[in-house]
$ cat data33.cif   # mmCIF, C-alpha atoms
data_protein
#
loop_
_atom_site.group_PDB
_atom_site.id
_atom_site.type_symbol
_atom_site.label_atom_id
_atom_site.label_comp_id
_atom_site.auth_asym_id
_atom_site.auth_seq_id
_atom_site.Cartn_x
_atom_site.Cartn_y
_atom_site.Cartn_z
ATOM 1 C CA MET A 1 4.717 97.058 -106.161
ATOM 2 C CA ARG A 2 1.815 95.411 -104.297
ATOM 3 C CA GLY A 3 3.004 91.963 -105.529
ATOM 4 C CA ALA A 4 6.526 92.728 -104.343
ATOM 5 C CA ARG A 5 5.258 93.713 -100.907
ATOM 6 C CA VAL A 6 3.166 90.552 -100.619
ATOM 7 C CA SER A 7 6.090 88.379 -101.659
ATOM 8 C CA ARG A 8 8.376 90.217 -99.283
ATOM 9 C CA PHE A 9 5.809 89.748 -96.478
ATOM 10 C CA PHE A 10 5.617 85.976 -97.041
ATOM 11 C CA ILE A 11 9.392 85.735 -97.191
ATOM 12 C CA LEU A 12 9.934 87.742 -94.029
ATOM 13 C CA SER A 13 7.202 85.820 -92.123
ATOM 14 C CA THR A 14 8.576 82.454 -93.256
ATOM 15 C CA VAL A 15 12.197 83.026 -92.255
ATOM 16 C CA PRO A 16 11.434 83.274 -88.495
ATOM 17 C CA LEU A 17 9.359 80.073 -88.752
ATOM 18 C CA ILE A 18 12.272 78.198 -90.314
ATOM 19 C CA SER A 19 14.684 79.727 -87.851
ATOM 20 C CA PHE A 20 12.430 78.491 -85.025
ATOM 21 C CA LEU A 21 12.442 74.954 -86.478
ATOM 22 C CA VAL A 22 16.216 74.838 -86.458
ATOM 23 C CA MET A 23 16.682 76.314 -82.966
ATOM 24 C CA PRO A 24 19.311 74.560 -80.824
ATOM 25 C CA ASP A 25 16.598 73.155 -78.479
ATOM 26 C CA ALA A 26 14.802 71.455 -81.370
ATOM 27 C CA GLN A 27 18.093 70.128 -82.690
ATOM 28 C CA ALA A 28 18.828 68.632 -79.298
ATOM 29 C CA GLN A 29 15.503 66.781 -79.234
ATOM 30 C CA ILE A 30 15.909 65.186 -82.663
ATOM 31 C CA SER A 31 17.859 61.978 -82.248
ATOM 32 C CA SER A 32 16.521 59.586 -84.866
ATOM 33 C CA ARG A 33 17.623 59.270 -88.464
ATOM 34 C CA GLU A 34 14.269 60.566 -89.680
ATOM 35 C CA GLY A 35 14.624 63.622 -87.447
ATOM 36 C CA ILE A 36 18.094 64.354 -88.834
ATOM 37 C CA ALA A 37 16.765 64.057 -92.378
ATOM 38 C CA LEU A 38 13.951 66.500 -91.581
ATOM 39 C CA GLN A 39 16.476 68.895 -90.076
ATOM 40 C CA ASN A 40 18.550 68.819 -93.252
ATOM 41 C CA GLN A 41 15.502 69.484 -95.407
ATOM 42 C CA ILE A 42 14.477 72.406 -93.213
ATOM 43 C CA GLN A 43 18.016 73.817 -93.437
ATOM 44 C CA GLN A 44 17.911 73.620 -97.230
ATOM 45 C CA LEU A 45 14.546 75.399 -97.283
ATOM 46 C CA SER A 46 15.968 78.105 -95.042
ATOM 47 C CA GLU A 47 18.799 78.665 -97.449
ATOM 48 C CA GLN A 48 16.415 78.815 -100.417
ATOM 49 C CA LEU A 49 14.185 81.313 -98.624
ATOM 50 C CA GLN A 50 17.183 83.480 -97.785
ATOM 51 C CA GLN A 51 18.111 83.511 -101.479
ATOM 52 C CA VAL A 52 14.567 84.526 -102.425
ATOM 53 C CA GLN A 53 14.661 87.207 -99.728
ATOM 54 C CA SER A 54 17.883 88.610 -101.157
ATOM 55 C CA ARG A 55 16.364 88.739 -104.617
ATOM 56 C CA GLY A 56 13.251 90.450 -103.281
ATOM 57 C CA GLN A 57 15.319 93.111 -101.462
ATOM 58 C CA GLY A 58 17.382 93.745 -104.590
ATOM 59 C CA ALA A 59 14.252 94.136 -106.650
ATOM 60 C CA GLY A 60 12.878 96.707 -104.155
ATOM 61 C CA THR A 61 15.734 99.158 -104.940
ATOM 62 C CA ALA A 62 15.199 98.977 -108.695
ATOM 63 C CA THR A 63 13.273 101.535 -110.691
ATOM 64 C CA ALA A 64 9.489 101.553 -110.873
ATOM 65 C CA ALA A 65 9.524 100.519 -114.519
ATOM 66 C CA ALA A 66 11.459 97.309 -113.786
ATOM 67 C CA PRO A 67 9.588 94.274 -112.418
ATOM 68 C CA ALA A 68 9.877 94.160 -108.606
ATOM 69 C CA VAL A 69 9.786 90.358 -108.189
ATOM 70 C CA PRO A 70 10.525 87.637 -110.699
ATOM 71 C CA ALA A 71 7.454 86.023 -112.188
ATOM 72 C CA GLY A 72 7.871 82.720 -110.288
ATOM 73 C CA SER A 73 8.749 84.186 -106.883
ATOM 74 C CA SER A 74 5.207 84.000 -105.474
ATOM 75 C CA ASP A 75 4.766 80.375 -106.554
ATOM 76 C CA LEU A 76 8.136 79.452 -105.086
ATOM 77 C CA VAL A 77 7.234 81.000 -101.736
ATOM 78 C CA SER A 78 3.931 79.081 -101.668
ATOM 79 C CA GLN A 79 5.709 75.816 -102.435
ATOM 80 C CA LEU A 80 8.278 76.452 -99.721
ATOM 81 C CA LEU A 81 5.583 77.268 -97.179
ATOM 82 C CA GLN A 82 3.701 74.092 -98.065
ATOM 83 C CA ARG A 83 6.844 71.996 -97.696
ATOM 84 C CA VAL A 84 7.612 73.608 -94.346
ATOM 85 C CA SER A 85 4.070 72.837 -93.148
ATOM 86 C CA THR A 86 4.386 69.228 -94.314
ATOM 87 C CA LEU A 87 7.713 68.832 -92.534
ATOM 88 C CA GLU A 88 6.245 70.276 -89.333
ATOM 89 C CA ASN A 89 3.386 67.752 -89.410
ATOM 90 C CA GLU A 90 5.773 64.855 -89.993
ATOM 91 C CA ASN A 91 7.970 66.050 -87.166
ATOM 92 C CA ARG A 92 4.981 66.237 -84.771
ATOM 93 C CA GLU A 93 3.772 62.764 -85.767
ATOM 94 C CA MET A 94 7.238 61.308 -85.292
ATOM 95 C CA ARG A 95 7.535 62.862 -81.832
ATOM 96 C CA GLY A 96 4.072 61.528 -80.919
ATOM 97 C CA GLU A 97 5.079 57.991 -81.901
ATOM 98 C CA LEU A 98 8.307 58.355 -79.948
ATOM 99 C CA ASP A 99 6.360 59.431 -76.843
ATOM 100 C CA GLN A 100 4.067 56.390 -77.191
ATOM 101 C CA LEU A 101 7.042 54.032 -77.441
ATOM 102 C CA ILE A 102 8.613 55.597 -74.370
ATOM 103 C CA ASN A 103 5.364 55.173 -72.402
ATOM 104 C CA GLN A 104 5.066 51.521 -73.461
ATOM 105 C CA VAL A 105 8.650 50.786 -72.401
ATOM 106 C CA GLN A 106 8.103 52.468 -69.043
ATOM 107 C CA THR A 107 4.882 50.512 -68.461
ATOM 108 C CA GLN A 108 6.558 47.208 -69.320
ATOM 109 C CA ASN A 109 9.517 47.971 -67.066
ATOM 110 C CA ALA A 110 7.155 48.758 -64.185
ATOM 111 C CA ALA A 111 5.261 45.478 -64.705
ATOM 112 C CA VAL A 112 8.490 43.451 -64.792
ATOM 113 C CA SER A 113 9.767 45.163 -61.654
ATOM 114 C CA LYS A 114 6.498 44.376 -59.839
ATOM 115 C CA LYS A 115 6.684 40.696 -60.799
ATOM 116 C CA ILE A 116 10.253 40.490 -59.568
ATOM 117 C CA ASP A 117 9.287 42.109 -56.264
ATOM 118 C CA ASP A 118 6.327 39.729 -55.856
ATOM 119 C CA MET A 119 8.517 36.691 -56.521
ATOM 120 C CA GLN A 120 11.109 37.882 -54.030
ATOM 121 C CA PHE A 121 8.424 38.516 -51.418
ATOM 122 C CA ALA A 122 6.898 35.077 -51.971
ATOM 123 C CA SER A 123 10.259 33.334 -51.735
ATOM 124 C CA GLN A 124 11.150 35.157 -48.526
ATOM 125 C CA ASN A 125 7.805 34.874 -46.728
ATOM 126 C CA GLY A 126 5.774 32.115 -48.354
ATOM 127 C CA GLY A 127 8.296 29.321 -47.936
ATOM 128 C CA GLY A 128 10.143 30.533 -44.881
ATOM 129 C CA GLY A 129 13.174 31.406 -46.949
ATOM 130 C CA GLY A 130 13.123 28.063 -48.725
ATOM 131 C CA ALA A 131 13.351 27.243 -52.387
ATOM 132 C CA SER A 132 11.183 29.041 -54.916
ATOM 133 C CA PRO A 133 8.088 27.363 -56.440
ATOM 134 C CA ALA A 134 9.984 26.792 -59.701
ATOM 135 C CA ALA A 135 12.727 24.959 -57.842
ATOM 136 C CA SER A 136 10.148 22.888 -56.029
ATOM 137 C CA VAL A 137 8.653 21.774 -59.338
ATOM 138 C CA ALA A 138 12.030 21.068 -60.888
ATOM 139 C CA SER A 139 13.268 19.104 -57.880
ATOM 140 C CA PRO A 140 10.324 17.400 -56.156
ATOM 141 C CA SER A 141 10.956 16.030 -52.710
ATOM 142 C CA VAL A 142 11.370 12.302 -52.377
ATOM 143 C CA PRO A 143 8.193 10.800 -50.882
ATOM 144 C CA ALA A 144 8.510 9.091 -47.566
ATOM 145 C CA ALA A 145 8.624 5.331 -47.635
ATOM 146 C CA ALA A 146 5.181 3.792 -47.289
ATOM 147 C CA PRO A 147 4.609 1.677 -44.193
ATOM 148 C CA ASP A 148 4.871 -2.043 -44.644
ATOM 149 C CA LYS A 149 1.630 -3.702 -45.717
ATOM 150 C CA PRO A 150 0.216 -6.391 -43.443
ATOM 151 C CA VAL A 151 1.441 -9.795 -44.515
ATOM 152 C CA THR A 152 -0.871 -12.088 -42.556
ATOM 153 C CA ALA A 153 -4.592 -12.777 -42.976
ATOM 154 C CA ILE A 154 -5.352 -11.621 -39.445
ATOM 155 C CA GLU A 155 -3.564 -8.283 -39.964
ATOM 156 C CA LEU A 156 -5.296 -7.787 -43.309
ATOM 157 C CA LEU A 157 -8.674 -8.473 -41.733
ATOM 158 C CA LYS A 158 -8.003 -5.876 -39.019
ATOM 159 C CA THR A 159 -6.971 -3.175 -41.472
ATOM 160 C CA GLY A 160 -9.802 -4.107 -43.833
ATOM 161 C CA GLN A 161 -12.450 -3.871 -41.107
ATOM 162 C CA ALA A 162 -11.039 -0.516 -39.985
ATOM 163 C CA ALA A 163 -11.218 0.720 -43.582
ATOM 164 C CA LEU A 164 -14.827 -0.519 -43.824
ATOM 165 C CA LYS A 165 -15.789 1.518 -40.738
ATOM 166 C CA ALA A 166 -14.103 4.553 -42.292
ATOM 167 C CA ARG A 167 -16.073 3.889 -45.502
ATOM 168 C CA ASP A 168 -12.855 3.335 -47.404
ATOM 169 C CA TYR A 169 -14.445 0.522 -49.377
ATOM 170 C CA ASP A 170 -11.660 0.193 -51.952
ATOM 171 C CA THR A 171 -9.075 -0.527 -49.260
ATOM 172 C CA ALA A 172 -11.463 -2.875 -47.472
ATOM 173 C CA GLN A 173 -12.014 -4.839 -50.687
ATOM 174 C CA SER A 174 -8.278 -5.052 -51.384
ATOM 175 C CA ASP A 175 -7.449 -6.236 -47.870
ATOM 176 C CA ALA A 176 -10.321 -8.756 -47.885
ATOM 177 C CA SER A 177 -9.216 -10.238 -51.208
ATOM 178 C CA GLN A 178 -5.631 -10.665 -49.978
ATOM 179 C CA ALA A 179 -6.756 -12.048 -46.628
ATOM 180 C CA LEU A 180 -8.951 -14.569 -48.438
ATOM 181 C CA LYS A 181 -5.879 -15.843 -50.293
ATOM 182 C CA LEU A 182 -3.688 -15.991 -47.196
ATOM 183 C CA ALA A 183 -6.218 -17.390 -44.696
ATOM 184 C CA LYS A 184 -5.544 -20.985 -43.722
ATOM 185 C CA THR A 185 -8.446 -21.627 -41.339
ATOM 186 C CA PRO A 186 -12.148 -21.980 -42.268
ATOM 187 C CA ASN A 187 -13.067 -19.137 -39.949
ATOM 188 C CA GLY A 188 -10.385 -16.902 -41.478
ATOM 189 C CA LYS A 189 -11.710 -17.595 -44.959
ATOM 190 C CA LEU A 190 -15.315 -17.024 -43.814
ATOM 191 C CA GLU A 191 -14.512 -13.645 -42.234
ATOM 192 C CA SER A 192 -12.480 -12.599 -45.289
ATOM 193 C CA GLN A 193 -15.349 -13.569 -47.613
ATOM 194 C CA PHE A 194 -17.886 -11.702 -45.492
ATOM 195 C CA LEU A 195 -15.676 -8.575 -45.423
ATOM 196 C CA LEU A 196 -15.336 -8.784 -49.218
ATOM 197 C CA ALA A 197 -19.137 -8.886 -49.592
ATOM 198 C CA GLN A 198 -19.550 -5.882 -47.275
ATOM 199 C CA SER A 199 -16.966 -3.823 -49.208
ATOM 200 C CA LEU A 200 -18.683 -4.592 -52.512
ATOM 201 C CA ALA A 201 -22.054 -3.578 -51.088
ATOM 202 C CA GLY A 202 -20.479 -0.356 -49.828
ATOM 203 C CA GLN A 203 -19.407 0.395 -53.417
ATOM 204 C CA LYS A 204 -22.974 -0.336 -54.589
ATOM 205 C CA GLN A 205 -21.832 -3.314 -56.618
ATOM 206 C CA TYR A 206 -24.925 -5.170 -55.486
ATOM 207 C CA ARG A 207 -24.850 -8.066 -57.925
ATOM 208 C CA ASP A 208 -21.267 -8.932 -56.922
ATOM 209 C CA SER A 209 -22.037 -8.365 -53.247
ATOM 210 C CA ALA A 210 -25.035 -10.767 -53.410
ATOM 211 C CA LEU A 211 -22.780 -13.479 -54.859
ATOM 212 C CA ALA A 212 -20.085 -12.763 -52.273
ATOM 213 C CA TYR A 213 -22.616 -12.949 -49.413
ATOM 214 C CA TYR A 214 -23.938 -16.278 -50.725
ATOM 215 C CA ASP A 215 -20.380 -17.612 -50.946
ATOM 216 C CA ALA A 216 -19.902 -16.621 -47.300
ATOM 217 C CA TYR A 217 -23.092 -18.521 -46.420
ATOM 218 C CA ASN A 218 -21.880 -21.637 -48.262
ATOM 219 C CA ARG A 219 -18.555 -21.629 -46.373
ATOM 220 C CA ALA A 220 -20.324 -22.212 -43.045
ATOM 221 C CA PRO A 221 -24.099 -22.786 -43.525
ATOM 222 C CA LYS A 222 -24.744 -23.500 -39.849
ATOM 223 C CA SER A 223 -22.732 -20.633 -38.320
ATOM 224 C CA PRO A 224 -24.194 -17.366 -37.011
ATOM 225 C CA ARG A 225 -22.278 -15.561 -39.784
ATOM 226 C CA ALA A 226 -24.272 -17.591 -42.339
ATOM 227 C CA ALA A 227 -27.547 -16.010 -41.130
ATOM 228 C CA GLU A 228 -26.026 -12.559 -41.490
ATOM 229 C CA ALA A 229 -24.809 -13.521 -44.975
ATOM 230 C CA LEU A 230 -28.382 -14.359 -46.002
ATOM 231 C CA ILE A 231 -29.469 -10.957 -44.713
ATOM 232 C CA GLY A 232 -26.768 -9.473 -46.980
ATOM 233 C CA VAL A 233 -28.077 -11.455 -49.962
ATOM 234 C CA SER A 234 -31.610 -10.173 -49.326
ATOM 235 C CA ALA A 235 -30.436 -6.546 -48.963
ATOM 236 C CA SER A 236 -28.391 -6.720 -52.173
ATOM 237 C CA MET A 237 -31.245 -8.211 -54.194
ATOM 238 C CA LEU A 238 -33.630 -5.626 -52.802
ATOM 239 C CA ALA A 239 -31.189 -2.877 -53.872
ATOM 240 C CA LEU A 240 -31.274 -4.372 -57.383
ATOM 241 C CA GLY A 241 -35.077 -4.196 -57.349
ATOM 242 C CA ASP A 242 -35.499 -7.995 -57.256
ATOM 243 C CA LYS A 243 -37.994 -8.296 -54.387
ATOM 244 C CA ASN A 244 -38.811 -11.934 -55.171
ATOM 245 C CA SER A 245 -35.193 -13.055 -54.717
ATOM 246 C CA ALA A 246 -34.916 -10.915 -51.578
ATOM 247 C CA CYS A 247 -37.928 -12.683 -50.070
ATOM 248 C CA GLN A 248 -36.555 -16.114 -51.005
ATOM 249 C CA ALA A 249 -33.318 -15.372 -49.114
ATOM 250 C CA LEU A 250 -35.334 -14.303 -46.053
ATOM 251 C CA GLN A 251 -37.503 -17.440 -46.220
ATOM 252 C CA LYS A 252 -34.355 -19.583 -46.369
ATOM 253 C CA LEU A 253 -32.992 -17.757 -43.317
ATOM 254 C CA GLU A 254 -36.184 -18.323 -41.287
ATOM 255 C CA ALA A 255 -36.275 -22.000 -42.286
ATOM 256 C CA GLU A 256 -32.660 -22.701 -41.312
ATOM 257 C CA PHE A 257 -32.460 -20.367 -38.317
ATOM 258 C CA PRO A 258 -35.789 -20.479 -36.471
ATOM 259 C CA SER A 259 -34.282 -18.682 -33.450
ATOM 260 C CA PRO A 260 -31.821 -16.155 -34.869
ATOM 261 C CA ALA A 261 -30.059 -13.497 -32.855
ATOM 262 C CA PRO A 262 -32.203 -10.450 -31.994
ATOM 263 C CA ARG A 263 -30.201 -8.271 -34.404
ATOM 264 C CA VAL A 264 -30.786 -10.721 -37.270
ATOM 265 C CA LYS A 265 -34.474 -11.116 -36.384
ATOM 266 C CA ALA A 266 -34.957 -7.319 -36.487
ATOM 267 C CA ALA A 267 -33.271 -7.142 -39.876
ATOM 268 C CA VAL A 268 -35.527 -9.891 -41.237
ATOM 269 C CA THR A 269 -38.623 -7.964 -40.178
ATOM 270 C CA THR A 270 -37.321 -4.767 -41.777
ATOM 271 C CA PHE A 271 -36.420 -6.320 -45.134
ATOM 272 C CA LYS A 272 -39.628 -8.380 -45.297
ATOM 273 C CA GLY A 273 -41.532 -5.114 -45.038
ATOM 274 C CA ARG A 274 -39.453 -3.460 -47.745
ATOM 275 C CA ALA A 275 -39.757 -6.407 -50.113
ATOM 276 C CA SER A 276 -43.476 -6.874 -49.333
ATOM 277 C CA CYS A 277 -42.906 -10.534 -48.555
ATOM 278 C CA HIS A 278 -45.965 -12.696 -47.770
#
$ encode --input "data33.cif" --output "structure tokens"
Amino acid sequence: MRGARVSRFFILSTVPLISFLVMPDAQAQISSREGIALQNQIQQLSEQLQQVQSRGQGAGTATAAAPAVPAGSSDLVSQLLQRVSTLENENREMRGELDQLINQVQTQNAAVSKKIDDMQFASQNGGGGGASPAASVASPSVPAAAPDKPVTAIELLKTGQAALKARDYDTAQSDASQALKLAKTPNGKLESQFLLAQSLAGQKQYRDSALAYYDAYNRAPKSPRAAEALIGVSASMLALGDKNSACQALQKLEAEFPSPAPRVKAAVTTFKGRASCH
């Protein structure tokens, strides 16, 4: 009798649990194929438990000499309870995964919406209602036509000297080289050569600038520009660390120009001191 009561207790306590699992609210929440399969399994277990319950109730009305519950009833109830517990765990895990997927989708949707809003704001305010950055990259504006380059030696010398004052030594060198090719007068060629030497010195190409200064000297050895060219040779050689050559250029200047301009004379004194000339 005690075994029959225990079996009946397990059966009666299990039926409400199964009934709870198959409530209409739970059925409404299960939408996936796995959920439907779990629902079917739970329904089958409910039917099996109802059959066991019917057998247990029929056995309770029998005589005391007859066995109250079949021999395997207790084991069957235990197996059913274990299967119900397993199905509950699977159902909870599946719902947890579904909640995670829903959260991920919501987070991604929020991020996409924010990017769209930012792009719209940038297009409306950043460019004054103009084209978007992507359109600007895809369709670059046509650059304005560059101004015409000077075509005469005099114009090239003017632009080159202006570039030299602005320390744009590359432009000064380019203009000087072109002016040297186009110049037709000795003075034009001398000024172009001197500008070329200055631009090379500005770029710290001292070996080339020393040669360019000496070429300027050779174009007009008796002109005031020739004395300045020798100063340039001395400065370039001093920058290269060749003090002996720097002093030789200064000695040549003093020999050929005993009364140089005050500016040249001051430069000679300065470079003689730097080169330690005797």
$ atom_distance --input "data33.cif" --atom1 "CA of Ala183 (chain A)" --atom2 "CA of Tyr206 (chain A)"
24.8 Å
$ closest_residue --input "data33.cif" --among "A:Val264, A:Leu180, A:Leu230, A:Ile42" --to "Ala246 (chain A)" --atoms "all atoms listed in the file"
A:Leu230
$ atom_distance --input "data33.cif" --atom1 "CA of Thr86 (chain A)" --atom2 "CA of Gln39 (chain A)"
12.8 Å
$ residues_around --input "data33.cif" --residues "region 252-255 of chain A" --least-positions-apart "5" --cutoff "10 Å" --atoms "all atoms listed in the file" --output "list in words"
Ala226, Ala227, Glu228, Ala229, Leu230, Ile231, Ser234, Cys247, Pro260, Val264, Lys265 and Val268 of chain A
$ atom_distance --input "data33.cif" --atom1 "CA of Ala220 (chain A)" --atom2 "CA of Lys189 (chain A)"
10.0 Å
$ residues_near_point --input "data33.cif" --point "(-0.7, -16.6, -39.8)" --cutoff "12 Å" --atoms "only C-alpha atoms" --output "list in words"
Pro150, Val151, Thr152, Ala153, Ile154, Glu155, Leu156, Leu157, Ala179, Lys181, Leu182, Ala183, Lys184, Thr185 and Gly188 of chain A
$ residues_around --input "data33.cif" --residues "Gly273 (chain A)" --least-positions-apart "2" --cutoff "12 Å" --atoms "only C-alpha atoms" --output "list in words"
Ser234, Ala235, Leu238, Lys243, Ala246, Cys247, Leu250, Ala266, Ala267, Val268, Thr269, Thr270, Phe271, Ala275, Ser276, Cys277 and His278 of chain A
$ axis_aligned_box --input "data33.cif" --around "region 256-264 of chain A" --padding-each-side "5 Å" --output "JSON"
{"center_x": -32.9, "center_y": -15.5, "center_z": -36.7, "size_x": 15.7, "size_y": 24.4, "size_z": 19.3}
$ resolve_selection --input "data33.cif" --expression "the PyMOL selection byres ((chain A and resi 169) around 12)" --output "list of chain:residue names"
A:Thr159, A:Gly160, A:Gln161, A:Ala162, A:Ala163, A:Leu164, A:Lys165, A:Ala166, A:Arg167, A:Asp168, A:Asp170, A:Thr171, A:Ala172, A:Gln173, A:Ser174, A:Asp175, A:Ala176, A:Leu195, A:Leu196, A:Ala197, A:Gln198, A:Ser199, A:Leu200, A:Ala201, A:Gly202, A:Gln203, A:Lys204, A:Gln205
$ resolve_selection --input "data33.cif" --expression "the PyMOL selection byres ((chain A and resi 212) around 8)" --output "count of residues only"
12
$ residues_near_point --input "data33.cif" --point "(6.7, 71.7, -92.6)" --cutoff "10 Å" --atoms "only C-alpha atoms" --output "list in words"
Leu17, Ile18, Leu21, Leu38, Gln41, Ile42, Leu45, Leu80, Leu81, Gln82, Arg83, Val84, Ser85, Thr86, Leu87, Glu88, Asn89, Glu90, Asn91 and Arg92 of chain A
$ closest_residue --input "data33.cif" --among "A:Leu190, A:Arg207, A:Lys158, A:Arg95" --to "Ala239 (chain A)" --atoms "only C-alpha atoms"
A:Arg207
$ decode --input "data33.cif" --residues "region 147-212 of chain A" --atoms "C-alpha atoms" --output "tab-separated table (two decimals), in the first residue's frame"
chain	number	residue	atom	x	y	z
A	147	PRO	CA	48.21	80.12	-64.76
A	148	ASP	CA	50.46	80.43	-67.76
A	149	LYS	CA	54.14	79.99	-66.98
A	150	PRO	CA	56.46	82.87	-67.82
A	151	VAL	CA	57.90	82.43	-71.28
A	152	THR	CA	60.70	85.00	-71.27
A	153	ALA	CA	64.01	85.04	-69.39
A	154	ILE	CA	63.15	88.30	-67.66
A	155	GLU	CA	59.80	86.96	-66.39
A	156	LEU	CA	61.44	83.74	-65.23
A	157	LEU	CA	64.10	85.69	-63.36
A	158	LYS	CA	61.42	87.75	-61.58
A	159	THR	CA	59.42	84.72	-60.50
A	160	GLY	CA	62.60	82.84	-59.58
A	161	GLN	CA	63.90	85.66	-57.38
A	162	ALA	CA	60.50	85.95	-55.69
A	163	ALA	CA	60.56	82.20	-55.02
A	164	LEU	CA	64.09	82.51	-53.60
A	165	LYS	CA	62.92	85.18	-51.12
A	166	ALA	CA	60.04	82.90	-50.12
A	167	ARG	CA	62.57	80.07	-49.66
A	168	ASP	CA	60.88	78.07	-52.38
A	169	TYR	CA	64.24	76.85	-53.64
A	170	ASP	CA	62.87	74.18	-55.98
A	171	THR	CA	60.86	76.75	-57.94
A	172	ALA	CA	63.78	79.17	-57.94
A	173	GLN	CA	66.06	76.48	-59.38
A	174	SER	CA	63.54	75.55	-62.06
A	175	ASP	CA	62.97	79.15	-63.13
A	176	ALA	CA	66.72	79.89	-63.13
A	177	SER	CA	67.48	76.86	-65.30
A	178	GLN	CA	64.82	77.86	-67.85
A	179	ALA	CA	65.88	81.50	-67.80
A	180	LEU	CA	69.48	80.44	-68.43
A	181	LYS	CA	68.35	78.64	-71.59
A	182	LEU	CA	66.19	81.51	-72.82
A	183	ALA	CA	68.48	84.45	-71.94
A	184	LYS	CA	70.05	86.08	-74.97
A	185	THR	CA	72.17	88.78	-73.29
A	186	PRO	CA	75.35	88.24	-71.22
A	187	ASN	CA	73.78	89.99	-68.26
A	188	GLY	CA	70.66	87.82	-68.51
A	189	LYS	CA	72.78	84.68	-68.51
A	190	LEU	CA	74.89	85.97	-65.60
A	191	GLU	CA	71.84	86.75	-63.44
A	192	SER	CA	70.26	83.39	-64.31
A	193	GLN	CA	73.48	81.56	-63.39
A	194	PHE	CA	73.78	83.45	-60.11
A	195	LEU	CA	70.14	82.69	-59.22
A	196	LEU	CA	70.76	79.00	-59.99
A	197	ALA	CA	73.75	78.97	-57.61
A	198	GLN	CA	71.70	80.64	-54.85
A	199	SER	CA	68.84	78.12	-55.21
A	200	LEU	CA	71.27	75.20	-55.00
A	201	ALA	CA	72.87	76.65	-51.88
A	202	GLY	CA	69.41	77.09	-50.38
A	203	GLN	CA	68.83	73.34	-50.89
A	204	LYS	CA	72.20	72.64	-49.22
A	205	GLN	CA	73.62	71.19	-52.40
A	206	TYR	CA	76.89	72.92	-51.64
A	207	ARG	CA	79.15	71.14	-54.10
A	208	ASP	CA	76.81	72.00	-57.00
A	209	SER	CA	76.31	75.53	-55.69
A	210	ALA	CA	80.11	76.11	-55.53
A	211	LEU	CA	80.42	75.08	-59.19
A	212	ALA	CA	77.44	77.23	-60.16
